[in-house]
>>> print(open('coords27.txt').read())   # compact mmCIF, C-alpha atoms
# COMPACT_ATOMS: atom_id res chain seq x y z
CA MET A 1 0.00 0.00 0.00
CA THR A 2 2.81 2.43 0.86
CA GLU A 3 4.43 2.09 -2.56
CA LYS A 4 1.11 2.79 -4.26
CA ILE A 5 0.72 6.05 -2.31
CA LEU A 6 4.30 7.14 -2.94
CA GLN A 7 3.87 6.43 -6.65
CA TYR A 8 0.71 8.55 -6.73
CA LEU A 9 2.57 11.47 -5.12
CA LYS A 10 5.38 11.13 -7.65
CA GLU A 11 3.01 11.01 -10.62
CA ASN A 12 0.98 13.98 -9.35
CA ARG A 13 3.91 16.16 -8.28
CA GLU A 14 3.26 18.86 -10.89
CA ASN A 15 -0.44 18.93 -10.09
CA ASN A 16 0.39 19.31 -6.40
CA LEU A 17 2.83 22.13 -7.09
CA HIS A 18 0.25 23.87 -9.26
CA LYS A 19 -2.33 23.65 -6.46
CA LEU A 20 0.20 24.80 -3.88
CA ASN A 21 1.04 27.79 -6.08
CA GLU A 22 -2.65 28.66 -6.15
CA PHE A 23 -2.66 28.57 -2.34
CA LEU A 24 0.50 30.68 -2.09
CA SER A 25 -0.93 33.27 -4.48
CA ILE A 26 -3.54 34.30 -1.92
CA PRO A 27 -2.08 37.21 0.14
CA SER A 28 -3.52 36.01 3.46
CA VAL A 29 -1.73 38.60 5.63
CA SER A 30 -3.54 38.33 8.95
CA THR A 31 -2.15 41.46 10.61
CA ASP A 32 -3.35 43.84 7.85
CA SER A 33 -7.09 44.60 7.79
CA ALA A 34 -6.79 45.43 4.09
CA HIS A 35 -6.25 41.69 3.50
CA LYS A 36 -9.24 40.49 5.53
CA GLY A 37 -10.94 39.26 2.36
CA ASP A 38 -7.78 37.48 1.22
CA VAL A 39 -7.51 35.69 4.57
CA ALA A 40 -11.11 34.54 4.17
CA ASN A 41 -10.30 33.32 0.64
CA ALA A 42 -7.39 31.27 1.97
CA ALA A 43 -9.69 29.70 4.57
CA ARG A 44 -12.14 28.75 1.81
CA PHE A 45 -9.28 27.28 -0.25
CA VAL A 46 -8.34 25.01 2.67
CA ALA A 47 -11.96 24.05 3.36
CA ASP A 48 -12.68 23.30 -0.31
CA TYR A 49 -9.56 21.13 -0.55
CA LEU A 50 -10.53 19.18 2.58
CA LYS A 51 -13.98 18.53 1.10
CA GLU A 52 -12.39 17.46 -2.18
CA ILE A 53 -10.13 15.01 -0.32
CA GLY A 54 -13.12 13.46 1.41
CA PHE A 55 -13.03 14.90 4.94
CA GLU A 56 -16.29 15.12 6.86
CA SER A 57 -17.71 17.95 8.98
CA VAL A 58 -15.61 20.53 7.16
CA GLU A 59 -16.37 23.90 8.72
CA VAL A 60 -15.10 27.45 8.40
CA GLN A 61 -15.62 28.69 11.94
CA GLU A 62 -15.86 32.46 12.25
CA THR A 63 -13.97 34.17 15.08
CA LYS A 64 -13.71 37.78 16.19
CA ARG A 65 -11.12 38.29 13.45
CA HIS A 66 -10.13 35.48 11.04
CA PRO A 67 -11.72 32.05 10.41
CA LEU A 68 -10.61 28.69 11.77
CA VAL A 69 -10.95 25.71 9.42
CA THR A 70 -11.83 22.39 11.05
CA ALA A 71 -12.64 18.95 9.69
CA GLU A 72 -12.43 15.27 10.61
CA TRP A 73 -12.25 11.82 9.05
CA LYS A 74 -13.21 8.88 11.28
CA GLY A 75 -13.25 6.06 8.76
CA ALA A 76 -10.39 4.09 10.35
CA GLY A 77 -12.68 2.84 13.11
CA ASP A 78 -12.90 3.13 16.88
CA ASN A 79 -9.80 1.02 17.51
CA ALA A 80 -7.53 3.17 15.35
CA PRO A 81 -5.64 6.12 16.86
CA THR A 82 -6.80 9.66 16.20
CA ALA A 83 -4.36 12.42 15.24
CA LEU A 84 -5.08 16.14 15.39
CA PHE A 85 -3.25 17.96 12.61
CA TYR A 86 -2.64 21.66 13.32
CA GLY A 87 -1.31 24.32 10.96
CA HIS A 88 -1.97 27.88 9.84
CA TYR A 89 -2.80 29.46 6.51
CA ASP A 90 -2.06 33.10 7.40
CA VAL A 91 1.27 34.71 6.53
CA GLN A 92 3.47 37.63 7.51
CA PRO A 93 3.46 40.88 5.49
CA ALA A 94 5.78 40.81 2.49
CA ASP A 95 7.38 44.19 3.22
CA PRO A 96 9.87 45.50 2.24
CA LEU A 97 8.70 44.64 -1.27
CA GLU A 98 11.74 46.13 -3.01
CA LEU A 99 13.98 43.44 -1.51
CA TRP A 100 12.11 40.57 -3.18
CA GLU A 101 13.70 39.13 -6.30
CA SER A 102 10.27 37.94 -7.47
CA GLU A 103 6.68 38.84 -6.58
CA PRO A 104 5.94 37.53 -3.05
CA PHE A 105 2.50 36.26 -4.05
CA LYS A 106 3.47 34.98 -7.50
CA PRO A 107 5.33 31.73 -6.69
CA GLU A 108 8.49 31.10 -8.65
CA VAL A 109 10.95 28.18 -8.68
CA ARG A 110 14.66 29.05 -8.74
CA ASP A 111 17.62 26.80 -8.00
CA GLY A 112 15.44 24.02 -6.62
CA ARG A 113 13.50 26.31 -4.28
CA LEU A 114 9.93 27.57 -4.39
CA PHE A 115 9.91 31.31 -3.61
CA ALA A 116 6.79 32.93 -2.16
CA ARG A 117 5.51 34.35 1.10
CA GLY A 118 4.27 31.37 3.10
CA ALA A 119 6.21 28.79 1.09
CA SER A 120 7.80 27.48 4.29
CA ASP A 121 5.79 29.22 7.04
CA ASP A 122 3.33 27.58 6.95
CA LYS A 123 1.32 27.11 3.76
CA GLY A 124 3.87 24.84 2.09
CA GLN A 125 4.08 22.50 5.06
CA VAL A 126 0.30 22.50 5.62
CA PHE A 127 -0.23 21.65 1.97
CA MET A 128 2.12 18.68 2.19
CA HIS A 129 -0.13 17.05 4.78
CA LEU A 130 -3.25 17.69 2.73
CA ALA A 131 -1.62 16.30 -0.41
CA VAL A 132 -0.65 13.11 1.47
CA PHE A 133 -4.21 12.74 2.78
CA GLU A 134 -5.45 13.12 -0.79
CA ALA A 135 -2.98 10.50 -2.04
CA TYR A 136 -4.35 7.99 0.47
CA MET A 137 -7.95 8.68 -0.46
CA LYS A 138 -7.29 8.55 -4.20
CA THR A 139 -5.35 5.27 -4.06
CA VAL A 140 -6.70 3.11 -1.22
CA GLY A 141 -9.84 5.07 -0.43
CA LYS A 142 -9.07 5.65 3.25
CA LEU A 143 -6.56 6.99 5.73
CA PRO A 144 -4.62 4.59 7.99
CA ILE A 145 -5.76 6.45 11.14
CA ASN A 146 -8.53 8.83 12.16
CA VAL A 147 -7.66 12.48 11.60
CA LYS A 148 -8.98 15.78 12.93
CA VAL A 149 -7.88 19.02 11.31
CA CYS A 150 -7.38 22.46 12.89
CA ILE A 151 -5.94 25.09 10.51
CA GLU A 152 -6.12 28.68 11.71
CA GLY A 153 -5.73 32.13 10.20
CA GLU A 154 -4.27 34.01 13.17
CA GLU A 155 -1.00 32.29 14.08
CA GLU A 156 1.09 35.19 12.84
CA ILE A 157 -0.82 37.57 15.15
CA GLY A 158 -0.59 35.39 18.25
CA SER A 159 -3.52 33.00 17.66
CA GLU A 160 -5.60 35.54 19.52
CA ASN A 161 -8.93 33.70 19.26
CA LEU A 162 -7.82 30.06 19.12
CA TYR A 163 -7.42 29.38 22.85
CA ASP A 164 -11.05 30.19 23.61
CA LEU A 165 -12.23 27.92 20.78
CA LEU A 166 -10.05 25.05 21.99
CA GLN A 167 -11.29 25.52 25.53
CA ASN A 168 -14.98 25.93 24.66
CA LYS A 169 -15.10 23.09 22.13
CA LYS A 170 -12.67 20.63 23.71
CA GLU A 171 -14.49 17.53 22.51
CA GLN A 172 -14.15 18.64 18.90
CA PHE A 173 -10.37 18.74 19.17
CA GLU A 174 -9.66 15.80 21.48
CA ALA A 175 -7.30 13.21 19.98
CA ASP A 176 -4.56 10.79 20.95
CA PHE A 177 -1.78 13.11 19.79
CA VAL A 178 -1.08 16.26 17.78
CA VAL A 179 1.09 16.63 14.68
CA ILE A 180 2.42 20.06 13.73
CA SER A 181 4.66 20.97 10.80
CA ASP A 182 5.59 24.58 11.56
CA SER A 183 9.27 24.10 12.36
CA GLY A 184 12.38 23.03 10.51
CA MET A 185 15.57 21.07 10.25
CA VAL A 186 18.97 22.16 11.54
CA GLU A 187 20.31 22.08 8.00
CA LYS A 188 19.04 21.16 4.55
CA GLY A 189 18.71 17.40 4.18
CA GLN A 190 19.32 16.71 7.88
CA PRO A 191 16.11 15.25 9.37
CA THR A 192 15.47 16.77 12.75
CA ILE A 193 13.29 15.85 15.70
CA CYS A 194 12.21 18.90 17.69
CA TYR A 195 11.25 17.66 21.14
CA GLY A 196 11.05 20.99 22.92
CA LEU A 197 10.21 24.66 22.48
CA LYS A 198 10.93 27.61 24.71
CA GLY A 199 8.32 29.69 26.45
CA PHE A 200 8.01 33.42 26.07
CA THR A 201 7.24 36.56 28.05
CA GLY A 202 8.28 40.20 28.08
CA LEU A 203 7.88 43.78 29.21
CA GLU A 204 8.10 47.30 27.86
CA PHE A 205 9.18 49.97 30.32
CA THR A 206 9.77 53.71 30.23
CA LEU A 207 11.81 56.05 32.40
CA THR A 208 10.47 59.61 32.48
CA GLY A 209 12.44 62.56 33.81
CA PRO A 210 11.74 66.20 32.92
CA SER A 211 8.41 67.15 31.35
CA SER A 212 10.22 68.05 28.12
CA ASP A 213 13.70 67.81 26.59
CA LEU A 214 16.10 70.17 28.35
CA HIS A 215 19.21 72.15 27.34
CA SER A 216 22.11 69.91 28.41
CA GLY A 217 24.36 72.86 29.22
CA ILE A 218 21.90 74.57 31.52
CA TYR A 219 20.50 71.47 33.23
CA GLY A 220 23.27 68.90 32.89
CA GLY A 221 24.51 68.03 36.38
CA ALA A 222 21.21 68.93 38.01
CA VAL A 223 18.65 66.68 36.28
CA ARG A 224 18.89 62.90 35.84
CA ASN A 225 19.25 61.90 32.17
CA PRO A 226 16.60 59.18 31.52
CA VAL A 227 18.65 57.56 28.73
CA MET A 228 21.68 57.26 31.01
CA ALA A 229 19.43 55.99 33.79
CA MET A 230 18.06 53.40 31.37
CA ALA A 231 21.60 52.25 30.58
CA HIS A 232 22.29 51.69 34.29
CA LEU A 233 18.97 49.88 34.78
CA LEU A 234 19.50 47.59 31.80
CA ALA A 235 23.04 46.78 32.94
CA SER A 236 21.59 45.51 36.23
CA LEU A 237 19.65 42.76 34.42
CA LYS A 238 22.48 40.64 33.03
CA GLY A 239 26.23 40.32 33.36
CA GLU A 240 28.86 40.08 30.65
CA ASP A 241 28.92 36.33 31.33
CA GLU A 242 25.31 36.22 30.02
CA VAL A 243 24.03 35.19 33.45
CA VAL A 244 20.74 36.90 34.32
CA LYS A 245 21.04 38.81 37.60
CA VAL A 246 17.30 39.02 38.39
CA PRO A 247 16.80 37.21 41.75
CA GLY A 248 14.78 34.01 41.36
CA PHE A 249 15.11 33.87 37.57
CA TYR A 250 16.74 30.42 37.61
CA ASP A 251 14.94 28.99 40.65
CA ASP A 252 12.67 26.64 38.66
CA VAL A 253 15.21 25.73 35.96
CA ASP A 254 16.48 22.15 36.05
CA ASP A 255 20.13 21.44 35.42
CA LEU A 256 20.92 20.22 31.93
CA GLU A 257 21.47 16.48 32.23
CA GLU A 258 24.49 14.85 30.66
CA LYS A 259 22.42 12.64 28.33
CA GLU A 260 20.68 15.73 26.95
CA ARG A 261 23.96 17.57 26.56
CA GLN A 262 25.09 14.62 24.48
CA LEU A 263 21.98 14.88 22.26
CA ILE A 264 22.71 18.57 21.72
CA LYS A 265 26.38 17.86 21.03
CA GLU A 266 25.39 15.53 18.18
CA VAL A 267 23.50 18.33 16.38
CA PRO A 268 25.57 19.76 13.49
CA GLY A 269 27.18 23.01 14.52
CA GLU A 270 26.03 26.25 12.96
CA ASP A 271 28.58 28.60 11.38
CA TYR A 272 27.44 31.68 13.29
CA GLN A 273 29.87 33.96 11.48
CA LEU A 274 28.36 32.91 8.16
CA SER A 275 24.73 33.00 9.28
CA THR A 276 24.85 36.11 11.51
CA GLY A 277 28.03 38.00 10.64
CA VAL A 278 29.38 37.95 14.22
CA SER A 279 33.02 37.16 14.87
CA GLU A 280 32.43 35.14 18.05
CA THR A 281 29.60 33.68 20.12
CA VAL A 282 28.72 34.57 23.71
CA SER A 283 26.83 32.14 25.93
CA GLU A 284 25.78 31.71 29.53
CA LYS A 285 28.78 30.81 31.64
CA GLY A 286 29.21 27.03 31.72
CA TYR A 287 27.20 26.33 28.56
CA THR A 288 27.94 26.17 24.85
CA ALA A 289 26.10 28.34 22.33
CA LYS A 290 23.98 25.36 21.23
CA GLU A 291 23.12 24.46 24.81
CA HIS A 292 22.18 28.02 25.63
CA THR A 293 19.96 28.59 22.58
CA MET A 294 18.22 25.21 22.87
CA ALA A 295 17.91 24.49 26.57
CA ARG A 296 18.70 27.50 28.77
CA PRO A 297 16.56 30.60 29.41
CA THR A 298 17.51 33.94 27.88
CA LEU A 299 16.85 37.61 28.53
CA GLU A 300 17.21 40.04 25.64
CA ILE A 301 16.70 43.77 25.06
CA ASN A 302 14.81 43.96 21.75
CA GLY A 303 14.67 47.73 21.43
CA MET A 304 15.82 50.86 23.21
CA PHE A 305 15.03 54.43 22.27
CA GLY A 306 14.97 57.95 23.65
CA GLY A 307 16.38 61.36 22.89
CA TYR A 308 17.46 62.83 19.58
CA GLN A 309 17.59 60.38 16.65
CA GLY A 310 18.29 62.73 13.73
CA GLU A 311 21.47 63.65 11.89
CA GLY A 312 24.16 65.53 13.75
CA THR A 313 24.08 66.63 17.38
CA LYS A 314 21.31 68.04 19.53
CA THR A 315 22.56 68.90 22.99
CA ILE A 316 19.65 67.87 25.17
CA ILE A 317 18.72 65.89 28.22
CA PRO A 318 15.90 63.69 26.84
CA SER A 319 12.61 63.69 28.68
CA SER A 320 12.23 59.90 28.53
CA ALA A 321 13.72 56.56 27.47
CA THR A 322 12.00 53.28 26.63
CA ALA A 323 13.19 49.68 26.36
CA LYS A 324 11.53 46.47 25.19
CA LEU A 325 12.58 43.24 26.88
CA THR A 326 11.72 39.60 26.19
CA CYS A 327 12.68 36.31 27.82
CA ARG A 328 12.71 32.85 26.28
CA LEU A 329 11.86 30.34 28.99
CA VAL A 330 12.48 26.65 29.64
CA PRO A 331 10.29 24.00 31.31
CA GLY A 332 9.54 24.85 34.93
CA GLN A 333 9.48 28.61 34.43
CA ASP A 334 6.07 30.29 34.63
CA PRO A 335 5.78 33.37 32.35
CA ASN A 336 3.64 35.35 34.82
CA HIS A 337 6.05 34.63 37.68
CA ILE A 338 9.01 35.69 35.54
CA GLN A 339 7.20 38.94 34.70
CA ASP A 340 6.66 39.51 38.44
CA LEU A 341 10.37 38.96 39.11
CA LEU A 342 11.37 41.37 36.36
CA VAL A 343 8.96 44.05 37.62
CA LYS A 344 10.26 43.66 41.18
CA HIS A 345 13.87 43.92 40.00
CA LEU A 346 13.25 47.00 37.85
CA GLU A 347 11.35 48.76 40.62
CA LYS A 348 14.15 48.03 43.08
CA HIS A 349 16.96 49.22 40.80
CA VAL A 350 15.39 52.23 39.10
CA PRO A 351 17.74 55.21 39.57
CA SER A 352 16.57 58.25 41.50
CA GLY A 353 15.26 61.25 39.60
CA VAL A 354 13.18 59.30 37.05
CA LYS A 355 9.75 57.68 37.10
CA LEU A 356 9.32 54.05 35.96
CA THR A 357 6.22 52.83 34.12
CA ILE A 358 5.88 49.22 32.98
CA THR A 359 3.63 47.52 30.42
CA ARG A 360 3.48 43.73 30.58
CA GLU A 361 3.54 41.71 27.35
CA PRO A 362 0.01 40.24 27.12
CA LEU A 363 1.05 37.26 24.97
CA SER A 364 3.04 34.74 26.99
CA ALA A 365 3.58 31.01 26.71
CA LYS A 366 5.11 28.25 28.76
CA ALA A 367 7.87 26.06 27.40
CA TYR A 368 7.06 22.62 26.02
CA LYS A 369 9.11 19.45 26.13
CA VAL A 370 8.29 15.84 25.34
CA ASP A 371 10.37 12.79 26.20
CA PRO A 372 12.60 12.19 23.14
CA ASN A 373 12.15 8.44 23.76
CA HIS A 374 8.35 8.61 23.51
CA PRO A 375 7.10 5.94 21.05
CA LEU A 376 5.45 8.56 18.81
CA ILE A 377 8.75 10.46 18.65
CA GLU A 378 10.68 7.27 17.91
CA LYS A 379 8.28 6.51 15.05
CA ALA A 380 8.82 10.03 13.71
CA ALA A 381 12.59 9.57 13.81
CA LYS A 382 12.31 6.23 12.01
CA SER A 383 10.08 7.77 9.33
CA LEU A 384 12.40 10.72 8.82
CA GLU A 385 15.35 8.38 8.36
CA LYS A 386 13.43 6.42 5.71
CA GLY A 387 12.32 9.59 3.94
CA PHE A 388 15.64 11.46 3.95
CA GLY A 389 18.07 8.54 4.07
CA LYS A 390 19.85 9.89 7.11
CA GLU A 391 19.49 9.39 10.86
CA ALA A 392 17.59 12.18 12.62
CA VAL A 393 19.15 14.50 15.18
CA TYR A 394 17.26 15.69 18.28
CA VAL A 395 16.93 19.36 19.17
CA ARG A 396 15.07 21.77 21.42
CA MET A 397 14.25 24.92 19.50
CA GLY A 398 14.80 28.39 20.91
CA GLY A 399 11.57 29.66 19.38
CA SER A 400 8.08 29.61 20.85
CA ILE A 401 4.77 28.35 19.44
CA PRO A 402 2.07 29.29 21.99
CA VAL A 403 -0.46 26.85 20.57
CA VAL A 404 1.84 23.94 21.46
CA GLU A 405 1.65 24.86 25.13
CA TRP A 406 -2.14 25.27 24.82
CA PHE A 407 -2.59 21.78 23.39
CA ASP A 408 -0.38 20.43 26.16
CA SER A 409 -2.18 22.21 29.01
CA LEU A 410 -5.75 21.74 27.74
CA PHE A 411 -5.56 18.19 26.35
CA LYS A 412 -2.52 16.55 27.99
CA MET A 413 -1.63 14.75 24.77
CA PRO A 414 1.80 14.35 23.16
CA ILE A 415 2.76 16.73 20.38
CA VAL A 416 4.91 15.65 17.45
CA LEU A 417 6.74 18.50 15.71
CA LEU A 418 7.52 17.26 12.21
CA GLY A 419 9.11 20.24 10.48
CA PHE A 420 10.73 20.25 7.05
CA GLY A 421 11.96 23.82 6.67
CA THR A 422 15.63 24.77 6.46
CA PRO A 423 17.73 27.61 7.93
CA GLU A 424 17.92 29.18 4.47
CA ASP A 425 14.14 29.57 4.11
CA ARG A 426 14.18 33.24 5.27
CA LEU A 427 11.01 33.02 7.33
CA HIS A 428 9.26 36.41 7.80
CA SER A 429 11.84 38.00 5.48
CA PRO A 430 11.96 38.96 1.80
CA ASN A 431 12.59 36.03 -0.56
CA GLU A 432 11.05 33.37 1.68
CA SER A 433 11.41 29.97 0.03
CA PHE A 434 11.08 26.23 0.55
CA PRO A 435 13.34 23.56 -0.98
CA LEU A 436 11.50 21.23 -3.33
CA ASP A 437 13.71 18.43 -2.05
CA SER A 438 12.09 18.91 1.36
CA PHE A 439 8.68 19.06 -0.31
CA ASP A 440 9.19 15.63 -1.92
CA LYS A 441 11.01 13.87 0.91
CA GLY A 442 8.79 15.46 3.53
CA MET A 443 5.63 14.01 1.97
CA GLU A 444 7.34 10.64 1.70
CA THR A 445 8.19 10.89 5.41
CA LEU A 446 4.55 11.67 6.27
CA VAL A 447 3.38 8.55 4.43
CA TYR A 448 5.85 6.44 6.41
CA TYR A 449 4.77 8.14 9.65
CA TRP A 450 1.05 7.52 9.25
CA GLU A 451 1.83 3.89 8.44
CA GLU A 452 4.07 3.61 11.52
CA VAL A 453 1.42 5.10 13.76
CA SER A 454 -1.32 2.89 12.36
CA ASN A 455 0.74 -0.15 13.39
>>> encode(input="coords27.txt", output="structure tokens")
Amino acid sequence: MTEKILQYLKENRENNLHKLNEFLSIPSVSTDSAHKGDVANAARFVADYLKEIGFESVEVQETKRHPLVTAEWKGAGDNAPTALFYGHYDVQPADPLELWESEPFKPEVRDGRLFARGASDDKGQVFMHLAVFEAYMKTVGKLPINVKVCIEGEEEIGSENLYDLLQNKKEQFEADFVVISDSGMVEKGQPTICYGLKGFTGLEFTLTGPSSDLHSGIYGGAVRNPVMAMAHLLASLKGEDEVVKVPGFYDDVDDLEEKERQLIKEVPGEDYQLSTGVSETVSEKGYTAKEHTMARPTLEINGMFGGYQGEGTKTIIPSSATAKLTCRLVPGQDPNHIQDLLVKHLEKHVPSGVKLTITREPLSAKAYKVDPNHPLIEKAAKSLEKGFGKEAVYVRMGGSIPVVEWFDSLFKMPIVLLGFGTPEDRLHSPNESFPLDSFDKGMETLVYYWEEVSN
């Protein structure tokens, strides 16, 4: 049966690419109200394709902003496992347009890559699953397991309405496990098992001094400079050894076990100078760069502004300074508690002569981690090896996907992150692309995986 399905995918490759191009041509930019109609069109595309495949109960569920597409197929019987497949059809804005080498919503193949906004994140990877489901239905007339589908249109704006839907309609989404393809591989052609994601939280805070900018000659030495005060306050957060100095920040962080350090060590090393342009890496004292990015919490200043920003010099004491701060968290750390610790630290260390105001980041998420030896993960690794011809490596990603934590907390079911993107895909940037090699081998891997799970 497997060979029949793989043969169908091979024979229908051009048809699948044509249909994917149709999907990618819809500018479903969720953050821009001007594209509200396009987002709705992308939802209808997904719903129509699910109906064409043979899914039942296909529904475009309206939310306060963009629709959620749901469906199910229960033809494998009560004794077969049920998978919930999650993905998203919305995309990031294409700006700046002048940096694209081809139209962002007119897909184009160059050098073995499909270029378009959403090619990798996440339309291309969502489509691969749907094409595999279609291959099963067109060849053997059924799927090897029961499948529920949840494909949203708000992931790129924080999935702002999904949590309530999951909570209020739990029975509709209950399954034995979740499969998500919204991640990637550590390098092209290297199958990768992602068994953990970091959590996320943050703050924005402002220091206000004088009621307006002041002449630095007249008032310098008498009035606290908010930008200088901000520099002192930020320096109190983290040392040059990359160790966070906020009391309690590490209290709930488990030590990195030796067996996990070995897993991380086996991941191919990234050439940071090539990928980032930096001459050297800096990591938390006692940990390598890979260990820090994958498995240790971080605190970063994402933006800092205040005072004169124009050309030349303007001799002033600025009236205010603002900084934006985010933390990536690991299992055990609670985002709200970390926010509380940060607020307490900032309030304690704010210099005299300025007023501190803090705005908490409303979107937070806990970290997620699954046992890398879980049977569903082992089956994924086996399927990836068959599809790509190379043994999979195991990683914890430094990024955050809030919906993963929601599925974990609401449903207590394992989550399998089967991503096929590559570091060169330029997610959220001009010239986003997806390698066609990953498109072909990824679908082959999915066929092997559904067969493994059905057994």
>>> residues_near_point(input="coords27.txt", point="(14.4, 45.9, 22.6)", cutoff="7 Å", atoms="only C-alpha atoms", output="MDAnalysis selection string")
chainID A and resid 301:304 323:325
>>> residues_around(input="coords27.txt", residues="Gly37 in chain A", least_positions_apart="4", cutoff="10 Å", atoms="only C-alpha atoms", output="list in words")
Ile26, Pro27, Ser28, Val29, Ser30, Ser33, Asn41, Ala42, Ala43 and His66 of chain A
>>> closest_residue(input="coords27.txt", among="A:Glu258, A:Leu274, A:Met397, A:Gly286", to="Asp241 in chain A", atoms="only C-alpha atoms")
A:Gly286
>>> residues_around(input="coords27.txt", residues="Tyr448 in chain A", least_positions_apart="3", cutoff="9 Å", atoms="all atoms listed in the file", output="number ranges by chain")
A: 2, 379-380, 382-384, 386-387, 443-445, 451-453
>>> atom_distance(input="coords27.txt", atom1="CA of Glu174 in chain A", atom2="CA of Gly398 in chain A")
27.5 Å
>>> residues_around(input="coords27.txt", residues="range 334-337 of chain A", least_positions_apart="4", cutoff="8 Å", atoms="only C-alpha atoms", output="short mmCIF file (atom, residue, chain, number, x, y, z; two decimals) with C-alpha atoms, keeping the file's coordinate frame")
data_model
loop_
_atom_site.label_atom_id
_atom_site.label_comp_id
_atom_site.auth_asym_id
_atom_site.auth_seq_id
_atom_site.Cartn_x
_atom_site.Cartn_y
_atom_site.Cartn_z
CA GLY A 199 8.32 29.69 26.45
CA PHE A 200 8.01 33.42 26.07
CA THR A 201 7.24 36.56 28.05
CA LEU A 329 11.86 30.34 28.99
CA LEU A 341 10.37 38.96 39.11
CA SER A 364 3.04 34.74 26.99
CA ALA A 365 3.58 31.01 26.71
CA LYS A 366 5.11 28.25 28.76
#
>>> residues_around(input="coords27.txt", residues="Arg117 in chain A", least_positions_apart="4", cutoff="9 Å", atoms="all atoms listed in the file", output="list in words")
Leu24, Ser25, Pro27, Val91, Gln92, Pro93, Ala94, Glu103, Pro104, Phe105, Lys106, Pro107, Asp121, Lys123, Leu427, His428, Ser429, Pro430, Asn431, Glu432 and Ser433 of chain A
>>> write_last_selection(input="coords27.txt", atoms="C-alpha atoms", output="short mmCIF file (atom, residue, chain, number, x, y, z; two decimals), in the coordinates of the input")
data_model
loop_
_atom_site.label_atom_id
_atom_site.label_comp_id
_atom_site.auth_asym_id
_atom_site.auth_seq_id
_atom_site.Cartn_x
_atom_site.Cartn_y
_atom_site.Cartn_z
CA LEU A 24 0.50 30.68 -2.09
CA SER A 25 -0.93 33.27 -4.48
CA PRO A 27 -2.08 37.21 0.14
CA VAL A 91 1.27 34.71 6.53
CA GLN A 92 3.47 37.63 7.51
CA PRO A 93 3.46 40.88 5.49
CA ALA A 94 5.78 40.81 2.49
CA GLU A 103 6.68 38.84 -6.58
CA PRO A 104 5.94 37.53 -3.05
CA PHE A 105 2.50 36.26 -4.05
CA LYS A 106 3.47 34.98 -7.50
CA PRO A 107 5.33 31.73 -6.69
CA ASP A 121 5.79 29.22 7.04
CA LYS A 123 1.32 27.11 3.76
CA LEU A 427 11.01 33.02 7.33
CA HIS A 428 9.26 36.41 7.80
CA SER A 429 11.84 38.00 5.48
CA PRO A 430 11.96 38.96 1.80
CA ASN A 431 12.59 36.03 -0.56
CA GLU A 432 11.05 33.37 1.68
CA SER A 433 11.41 29.97 0.03
#
>>> residues_around(input="coords27.txt", residues="Ala321 in chain A", least_positions_apart="6", cutoff="7 Å", atoms="only C-alpha atoms", output="PyMOL selection string")
chain A and resi 206-208+226-227+230+305-306
>>> closest_residue(input="coords27.txt", among="A:Gly112, A:Gly75, A:Pro268, A:Gly217", to="Val186 in chain A", atoms="all atoms listed in the file")
A:Pro268
>>> axis_aligned_box(input="coords27.txt", around="range 318-328 of chain A", padding_each_side="8 Å", output="JSON")
{"center_x": 13.7, "center_y": 48.3, "center_z": 26.9, "size_x": 20.4, "size_y": 46.8, "size_z": 19.5}
>>> residues_near_point(input="coords27.txt", point="(-10.4, 23.9, -0.2)", cutoff="12 Å", atoms="all atoms listed in the file", output="PyMOL selection string")
chain A and resi 19-20+22-23+40-55+58-60+69-71+89+127+130-131+134+151
>>> closest_residue(input="coords27.txt", among="A:Thr288, A:Thr281, A:Ser319, A:Thr192", to="Ser211 in chain A", atoms="only C-alpha atoms")
A:Ser319
>>> closest_residue(input="coords27.txt", among="A:Arg296, A:Arg360, A:Lys441, A:Lys36", to="Pro67 in chain A", atoms="all atoms listed in the file")
A:Lys36
>>> closest_residue(input="coords27.txt", among="A:Leu342, A:Lys390, A:Gly220, A:Val370", to="Glu405 in chain A", atoms="only C-alpha atoms")
A:Val370
>>> atom_distance(input="coords27.txt", atom1="CA of Asp78 in chain A", atom2="CA of Glu171 in chain A")
15.5 Å
>>> atom_distance(input="coords27.txt", atom1="CA of Pro423 in chain A", atom2="CA of Ala289 in chain A")
16.7 Å
>>> build_atoms(input="coords27.txt", residues="range 78-83 of chain A", atoms="N, CA and C atoms", output="tab-separated table (two decimals), keeping the file's coordinate frame")
chain	number	residue	atom	x	y	z
A	78	ASP	N	-13.08	2.75	15.47
A	78	ASP	CA	-12.90	3.13	16.88
A	78	ASP	C	-11.59	2.65	17.48
A	79	ASN	N	-11.04	1.57	16.94
A	79	ASN	CA	-9.80	1.02	17.51
A	79	ASN	C	-8.53	1.69	16.97
A	80	ALA	N	-8.69	2.49	15.94
A	80	ALA	CA	-7.53	3.17	15.35
A	80	ALA	C	-7.23	4.45	16.12
A	81	PRO	N	-5.97	4.86	16.18
A	81	PRO	CA	-5.64	6.12	16.86
A	81	PRO	C	-6.18	7.33	16.09
A	82	THR	N	-6.34	8.42	16.80
A	82	THR	CA	-6.80	9.66	16.20
A	82	THR	C	-5.73	10.73	16.35
A	83	ALA	N	-5.34	11.33	15.23
A	83	ALA	CA	-4.36	12.42	15.24
A	83	ALA	C	-5.07	13.73	15.00
